[in-house]
Amino acid sequence: MRAFLFPGQGSQSVGMGAALAGASGAARDVFDEVDEALGQNLFRLMQEGPDEELKLTENAQPAIMAHSIAVLRTLGVKLADVADFVAGHSLGEYSALCAAGSFDLATTAKLLKLRGQAMQAAVPVGRGAMCALLGADLPMARRIAEAAAQGQVCTVANDNDPGQVVLSGDKAAIDRAVEMAKELGAKRAVLLPVSAPFHCPLMQPAAEAMRDALSYVVVGPPSVPLYANVTAAPERDPDTIRNQLVEQVTGMVRWRESVANMAAAGVDEFVELGGKVLGPMVKRIAPDVKVTSAVTMEDIEALAKEIA
């Protein structure tokens with residue numbers, strides 16, 4: 001069995017998609033359609049930068065999605081013929097739903113632009129922060145978060161793999177978590193260069209904005225089940241998926257469990273489209289599975305031969 005995976009924020013880089021668009025008309029069409037939907041030249045920003053502008057949440061989110069879908073369209077397969085499940089890390093969940101036909105491309109781009117703007121606006125710059133705990137599992141990360149909170153918000157945002165958990169919350173609480181992480185058993189803690197504290201209760205205004213936006217959008221049943229971030233379980237019901245996308249803004253990304261549960265369900269091959277970030281996490285969660293990443297034309301051609 002095979003699952004297609006879609007990366008989240010942090011996998012953007014200046015130059016992304018440029019060579020692919022030069023080699024693939026299908027990829028060019030994706031970038032053109034996203035530009036038209038957003039009324040901005042996002043693809044030029046992806047190709048030329050500046051990096052600071054591409055990193056902005058409202059640009060990075062639709063850019064990463066567009067890149068993943070461009071890879072998929074270049075691959076030229078019907079998703080349900082080659083994959084049993086899809087999953088995406090945070091914003092990658094939207095890419096996964098677009099790939100599986102729950103949203104069309106233009107709708108996905110608009111939702112992610114709005115999501116990025118809403119997440120950025122939810123917390124004043126400088127009030128929130130995030131940190132990665134390395135060499136820490138989920139129970140240890142929860143202990144560190146609890147000790148550091150001291151009346152402020154400090155929660156687990158991403159349970160990425162057995163040795164990497166991300167905390168999110170008020171800046172002072174996250175600073176305390178970084179200071180005390182080592183003495184509480186983590187190998188080390190690193191502040192993340194993010195502009196807002198994602199996947200924590202401080203994001204509630206963004207969750208409400210997404211609830212409103214998603215209420216106007218048609219969500220179709222995905223052609224293959226989506227392993228949802230907030231439940232780490234497969235889902236096909238459109239109304240449930242809509243609610244899960246709202247919960248996901250403030251909820252923990254249960255990535256480790258999602259991958260472990262897919263492996264337990266019989267998935268022995270994971271394919272990451274548009275990035276090389278999730279593959280190493282997958283190998284740390286399920287060492288015996290096969291992992292493939294497709295980013296370049298060369299990657300896509302090799303993958304096409306393999307899954308034909």
# chains A, B, ... in the order shown; residues from 1 in each chain; ligands from 1
$ residues_around --residues "Ser11 (chain A)" --least-positions-apart "5" --cutoff "10 Å" --atoms "only C-alpha atoms" --output "list of chain:residue names"
A:Met16, A:Lys55, A:Ala60, A:Gln61, A:Ala63, A:Ile64, A:Gly274, A:Gly275, A:Lys276, A:Val277, A:Leu278
$ write_last_selection --atoms "C-alpha atoms" --output "PDB file, in the first residue's frame"
ATOM      1  CA  MET A  16      11.148  26.421  -6.032  1.00  0.00           C
ATOM      2  CA  LYS A  55       8.711  33.213   4.007  1.00  0.00           C
ATOM      3  CA  ALA A  60       4.622  30.434   1.872  1.00  0.00           C
ATOM      4  CA  GLN A  61       1.407  28.467   2.412  1.00  0.00           C
ATOM      5  CA  ALA A  63       3.423  28.520  -2.662  1.00  0.00           C
ATOM      6  CA  ILE A  64       4.195  25.183  -0.989  1.00  0.00           C
ATOM      7  CA  GLY A 274       7.164  18.729  -3.471  1.00  0.00           C
ATOM      8  CA  GLY A 275       9.608  18.450  -0.577  1.00  0.00           C
ATOM      9  CA  LYS A 276      12.220  16.369   1.227  1.00  0.00           C
ATOM     10  CA  VAL A 277      11.223  17.262   4.793  1.00  0.00           C
ATOM     11  CA  LEU A 278       8.735  14.547   5.744  1.00  0.00           C
TER      12      LEU A 278
END
$ residues_around --residues "Pro139 (chain A)" --least-positions-apart "5" --cutoff "12 Å" --atoms "only C-alpha atoms" --output "number ranges by chain"
A: 133, 144-146, 155-156, 159, 162-165, 184-186
$ residues_around --residues "Arg73 (chain A)" --least-positions-apart "5" --cutoff "12 Å" --atoms "only C-alpha atoms" --output "VMD selection string"
chain A and resid 20 to 21 24 to 31 66 to 68 78 to 79 98 to 100 105 273 to 274 294 297 300 304
$ select_by_dssp --residues "region 8-146 of chain A" --states "strand (DSSP E or B)" --output "JSON, numbers by chain"
{"A": [85, 86, 87, 88, 128, 129, 130, 131, 132, 133, 134]}
$ atom_distance --atom1 "CA of Ser95 (chain A)" --atom2 "CA of Cys131 (chain A)"
24.8 Å
$ residues_around --residues "Ala308 (chain A)" --least-positions-apart "4" --cutoff "12 Å" --atoms "only C-alpha atoms" --output "list of chain:residue names"
A:Leu75, A:Gly76, A:Val77, A:Lys78, A:Asp81, A:Val82, A:Ala83, A:Ile300, A:Glu301, A:Ala302, A:Leu303, A:Ala304
$ select_by_dssp --residues "region 100-291 of chain A" --states "helix (DSSP H, G or I)" --output "ChimeraX atom specification"
/A:105-122,138-149,171-180,201-215,238-250,255-264,278-285
$ atom_distance --atom1 "CA of Thr231 (chain A)" --atom2 "CA of Ile307 (chain A)"
28.9 Å
$ residues_around --residues "region 112-115 of chain A" --least-positions-apart "6" --cutoff "10 Å" --atoms "only C-alpha atoms" --output "ChimeraX atom specification"
/A:38,57-65,91-92,94-95,121,206-207,209-210,213,249
$ residues_around --residues "Pro197 (chain A)" --least-positions-apart "3" --cutoff "6 Å" --atoms "only C-alpha atoms" --output "PyMOL selection string"
chain A and resi 128-130+168-169
